[in-house]
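Worksheet: the structure to be examined is printed underneath.
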Amino acid sequence: MPDIQRHLSRQSPPHFLSQISATTNIWEGFRCSTKSKLVRSDFCMALANGLANGQSRHPIFSFGVIADVQYADIPDGHSFLGVPRYYRHSILVLQRAVKSWNSHKNLNFVINFGDIVDGNCPKDQSLNAVKEVVSEFEKFHGPVYHMIGNHCLYNLPRDKLLPLLKIPNYGGGHAHAYYDFSPAPGYRFVVLDGYDISAIGWPHDHPNTLEALKILSERNPNSNKNSPEGLTGVDRRFVMFNGAVGNEQMEWLDNVLQDATHMKQKVIVCCHLPLDPGATSKTTLLWNYDQVMDVIHRYDCVKVCLAGHNHEGGYSIDSHGVHHRVLDAALECPPGTDAFGYIDVYDNMLTLVGTDRLKNTDFIFDS
């Protein structure tokens, strides 16, 4: 029996205890560092509050998640670290994900965390490959929200990619890939464009490309700018397959968080690139993750940050209590295995229910 049950059994009515017993799986799925007494105490309090409010049974809404499909009609290969990659199998993972999401019946939408087609896809097949993966997503019986990743941009430039992904607010020649939406009055999602400042995706002479190349020349001494050789710690993020949030997007983010605070909304931030060093490999961080998190930490409304890009996944709680979860890649699922799931959203917690390689995670926060 978990400690919370022993503690409450001495002071709780029988009907409340039955709720705790019925939701022991929440405890079992808890992936936070329980070595911290503070985190454990917060979890117990939040769990008790959630049970008292009946949240264990009735989420406000739910949504599907998947990251880094990176499909290509080519033989299996390996990453630069030697990790096997299953290019053809990844679309089968997506197909099983869509089937699972549709069978759930109560999922409101799906979020794809980027990199739908791999950079090794033959360039004469890129357009059709993107369309093929998008068509699989469109078999879901509800809205699908996409974000762009580096592999997306290896295949197609922004002006071709964004309309295919139906990125909201696309238009006017700006090619912005950041946006927000509110699926319920108390919640807002912020989708960041981690390749706003990037050496890929924009025209070669675009100001955002030039700014990215300047950053790389100053921070990465290697002739191969995709190599972190010689870089240490978080400086290893200054490689070409990452990018940054630009000034205009940063101002937009600040305004959105101000508005969410005024409207008493909780915010879930989504970005292909991870935003916290504790949740990911240092080579996969957003270039200016620290500046983005400085903006986020000005407000109490942001509760969870979700990302892809780092294929092995990860989890952390930062110094301000914001949860960071990096989702495991569909691309690196051996045949017959999966990495997708859905998230149930409550008033003061989120629960990631994962499949196979994507492990369950509970995110507990103050309401």
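Letters A, B, ... mark the chains of the structure tokens in the order given; residue numbers begin at 1 per chain; ligand numbers begin at 1, in order shown.
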Within 10 Å of Leu92 of chain A using only C-alpha atoms, minus same-chain residues under 5 positions, as JSON, numbers by chain
{"A": [69, 71, 87, 97, 98, 136, 330, 335, 336, 337, 338]}
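Between atom CA of Phe365 of chain A and atom CA of Asp300 of chain A there is a distance of 10.5 Å.
What separates atom CA of Pro157 of chain A from atom CA of Leu306 of chain A is a distance of 24.6 Å.
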Near segment 227-239 of chain A, counting only C-alpha atoms, which residues have an atom at most 7 Å away, once you skip same-chain residues fewer than 5 positions from it, shown as a ChimeraX atom specification?
/A:216,219-220,222,282-287
Limited to N, CA and C atoms, could you put the picked residues into a file as a tab-separated table (two decimals), in the first residue's frame?
chain	number	residue	atom	x	y	z
A	216	LEU	N	26.00	30.33	-35.08
A	216	LEU	CA	26.81	29.12	-35.20
A	216	LEU	C	28.29	29.44	-35.36
A	219	ARG	N	29.57	30.42	-31.88
A	219	ARG	CA	29.47	29.48	-30.77
A	219	ARG	C	29.99	28.08	-31.08
A	220	ASN	N	30.16	27.74	-32.37
A	220	ASN	CA	30.61	26.40	-32.75
A	220	ASN	C	31.82	26.53	-33.66
A	222	ASN	N	33.59	24.20	-35.06
A	222	ASN	CA	33.78	23.09	-35.99
A	222	ASN	C	33.40	23.47	-37.41
A	282	LYS	N	22.02	17.48	-23.93
A	282	LYS	CA	22.39	18.90	-24.11
A	282	LYS	C	22.49	19.27	-25.58
A	283	THR	N	22.69	18.29	-26.46
A	283	THR	CA	22.83	18.59	-27.88
A	283	THR	C	21.48	18.80	-28.56
A	284	THR	N	20.38	18.64	-27.84
A	284	THR	CA	19.07	18.77	-28.48
A	284	THR	C	18.26	19.96	-27.96
A	285	LEU	N	18.87	20.81	-27.14
A	285	LEU	CA	18.16	21.96	-26.58
A	285	LEU	C	17.95	23.07	-27.60
A	286	LEU	N	16.87	23.81	-27.41
A	286	LEU	CA	16.68	25.07	-28.14
A	286	LEU	C	17.86	25.99	-27.85
A	287	TRP	N	18.38	26.67	-28.86
A	287	TRP	CA	19.54	27.54	-28.66
A	287	TRP	C	19.31	28.53	-27.52
All alpha helix (DSSP H) residues (DSSP, backbone) inside segment 56-287 of chain A, as number ranges by chain
A: 89-104, 126-137, 150-155, 158-165, 207-219, 247-262
Interatomic distance, atom CA of Val245 of chain A to atom CA of Arg188 of chain A (Å, one decimal):
19.4 Å
Nearest-residue call for Arg158 of chain A, choices A:Asp124, A:Glu138, A:Asp68, A:Asp193, using only C-alpha atoms:
A:Asp193
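Non-sequential neighbours of Asp276 of chain A (distance at most 8 Å, separation of 4 or more positions within a chain, only C-alpha atoms) are Thr280, Leu285, Tyr289, Ser316, Asp318 and His324 of chain A.
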Selection to disk with all heavy atoms, as a PDB file, in the first residue's frame:
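Contents of selection-v7.pdb, as written:
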ATOM      1  N   THR A 280      16.682  16.342 -21.171  1.00  0.00           N
ATOM      2  CA  THR A 280      17.130  16.005 -22.516  1.00  0.00           C
ATOM      3  C   THR A 280      18.645  16.000 -22.624  1.00  0.00           C
ATOM      4  O   THR A 280      19.354  16.524 -21.762  1.00  0.00           O
ATOM      5  CB  THR A 280      16.540  17.023 -23.521  1.00  0.00           C
ATOM      6  OG1 THR A 280      16.799  16.591 -24.854  1.00  0.00           O
ATOM      7  CG2 THR A 280      17.148  18.405 -23.327  1.00  0.00           C
ATOM      8  N   LEU A 285      18.869  20.807 -27.141  1.00  0.00           N
ATOM      9  CA  LEU A 285      18.165  21.960 -26.577  1.00  0.00           C
ATOM     10  C   LEU A 285      17.950  23.071 -27.600  1.00  0.00           C
ATOM     11  O   LEU A 285      18.759  23.269 -28.511  1.00  0.00           O
ATOM     12  CB  LEU A 285      18.970  22.536 -25.412  1.00  0.00           C
ATOM     13  CG  LEU A 285      18.935  21.789 -24.080  1.00  0.00           C
ATOM     14  CD1 LEU A 285      20.087  22.259 -23.194  1.00  0.00           C
ATOM     15  CD2 LEU A 285      17.602  22.019 -23.379  1.00  0.00           C
ATOM     16  N   TYR A 289      16.948  28.459 -25.141  1.00  0.00           N
ATOM     17  CA  TYR A 289      15.988  27.884 -24.180  1.00  0.00           C
ATOM     18  C   TYR A 289      15.945  28.706 -22.897  1.00  0.00           C
ATOM     19  O   TYR A 289      14.886  28.874 -22.275  1.00  0.00           O
ATOM     20  CB  TYR A 289      16.350  26.429 -23.864  1.00  0.00           C
ATOM     21  CG  TYR A 289      17.514  26.283 -22.902  1.00  0.00           C
ATOM     22  CD1 TYR A 289      17.306  26.217 -21.526  1.00  0.00           C
ATOM     23  CD2 TYR A 289      18.832  26.246 -23.358  1.00  0.00           C
ATOM     24  CE1 TYR A 289      18.373  26.110 -20.633  1.00  0.00           C
ATOM     25  CE2 TYR A 289      19.895  26.139 -22.486  1.00  0.00           C
ATOM     26  CZ  TYR A 289      19.664  26.076 -21.130  1.00  0.00           C
ATOM     27  OH  TYR A 289      20.713  25.982 -20.260  1.00  0.00           O
ATOM     28  N   SER A 316      11.685  16.097 -16.394  1.00  0.00           N
ATOM     29  CA  SER A 316      12.255  16.875 -15.299  1.00  0.00           C
ATOM     30  C   SER A 316      11.206  17.835 -14.764  1.00  0.00           C
ATOM     31  O   SER A 316      10.183  18.103 -15.407  1.00  0.00           O
ATOM     32  CB  SER A 316      13.488  17.660 -15.764  1.00  0.00           C
ATOM     33  OG  SER A 316      13.097  18.668 -16.700  1.00  0.00           O
ATOM     34  N   ASP A 318      11.566  21.749 -13.363  1.00  0.00           N
ATOM     35  CA  ASP A 318      12.590  22.786 -13.239  1.00  0.00           C
ATOM     36  C   ASP A 318      12.471  23.545 -11.912  1.00  0.00           C
ATOM     37  O   ASP A 318      11.619  23.233 -11.065  1.00  0.00           O
ATOM     38  CB  ASP A 318      12.576  23.723 -14.451  1.00  0.00           C
ATOM     39  CG  ASP A 318      11.339  24.621 -14.527  1.00  0.00           C
ATOM     40  OD1 ASP A 318      10.727  24.916 -13.495  1.00  0.00           O
ATOM     41  OD2 ASP A 318      10.983  25.033 -15.663  1.00  0.00           O
ATOM     42  N   HIS A 324       8.644  19.237 -17.459  1.00  0.00           N
ATOM     43  CA  HIS A 324       9.140  19.105 -18.829  1.00  0.00           C
ATOM     44  C   HIS A 324       9.141  17.624 -19.200  1.00  0.00           C
ATOM     45  O   HIS A 324       9.737  16.797 -18.501  1.00  0.00           O
ATOM     46  CB  HIS A 324      10.562  19.660 -18.956  1.00  0.00           C
ATOM     47  CG  HIS A 324      10.666  21.125 -18.692  1.00  0.00           C
ATOM     48  ND1 HIS A 324      10.739  22.064 -19.700  1.00  0.00           N
ATOM     49  CD2 HIS A 324      10.685  21.828 -17.522  1.00  0.00           C
ATOM     50  CE1 HIS A 324      10.811  23.271 -19.162  1.00  0.00           C
ATOM     51  NE2 HIS A 324      10.784  23.150 -17.847  1.00  0.00           N
TER      52      HIS A 324
END
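Residues in contact with Asp196 of chain A at up to 10 Å, not including ones fewer than 5 positions away on its chain and judged by only C-alpha atoms, are Ile148, Ala175, His176, Ala177, Tyr178, Gly201, Trp202, Asn208, Thr209, Ala212, Gly243, Ala244, Val245, Gly246, Asn247, Glu248 and Gln249 of chain A.
Within segment 70-215 of chain A, the backbone-based DSSP assignment of strand (DSSP E) covers Gly77, His78, Pro84, Arg85, Phe109, Val110, Ile111, Asn112, Val144, Tyr145, His146, Tyr179, Asp180, Phe181, Ser182, Pro183, Ala184, Tyr187, Arg188, Phe189, Val190 and Val191 of chain A.
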How about saving the chosen residues, C-alpha atoms kept, as an mmCIF file, in the first residue's frame?
data_model
loop_
_atom_site.group_PDB
_atom_site.id
_atom_site.type_symbol
_atom_site.label_atom_id
_atom_site.label_comp_id
_atom_site.auth_asym_id
_atom_site.auth_seq_id
_atom_site.Cartn_x
_atom_site.Cartn_y
_atom_site.Cartn_z
ATOM 1 C CA GLY A 77 19.585 2.646 -40.699
ATOM 2 C CA HIS A 78 21.281 4.144 -37.639
ATOM 3 C CA PRO A 84 18.859 1.735 -34.970
ATOM 4 C CA ARG A 85 16.236 3.638 -36.947
ATOM 5 C CA PHE A 109 -7.491 16.378 -30.701
ATOM 6 C CA VAL A 110 -3.959 15.155 -31.462
ATOM 7 C CA ILE A 111 -0.625 16.969 -31.281
ATOM 8 C CA ASN A 112 2.249 15.853 -33.507
ATOM 9 C CA VAL A 144 -4.523 17.475 -35.563
ATOM 10 C CA TYR A 145 -2.035 20.172 -34.553
ATOM 11 C CA HIS A 146 1.426 19.992 -36.098
ATOM 12 C CA TYR A 179 0.393 29.673 -32.641
ATOM 13 C CA ASP A 180 -1.891 29.077 -29.682
ATOM 14 C CA PHE A 181 -5.315 27.549 -29.132
ATOM 15 C CA SER A 182 -7.696 26.931 -26.238
ATOM 16 C CA PRO A 183 -9.577 23.597 -26.220
ATOM 17 C CA ALA A 184 -11.340 24.427 -22.925
ATOM 18 C CA TYR A 187 -6.477 25.804 -20.616
ATOM 19 C CA ARG A 188 -4.402 27.220 -23.440
ATOM 20 C CA PHE A 189 -1.785 25.536 -25.619
ATOM 21 C CA VAL A 190 1.198 27.479 -26.948
ATOM 22 C CA VAL A 191 3.009 25.897 -29.907
#
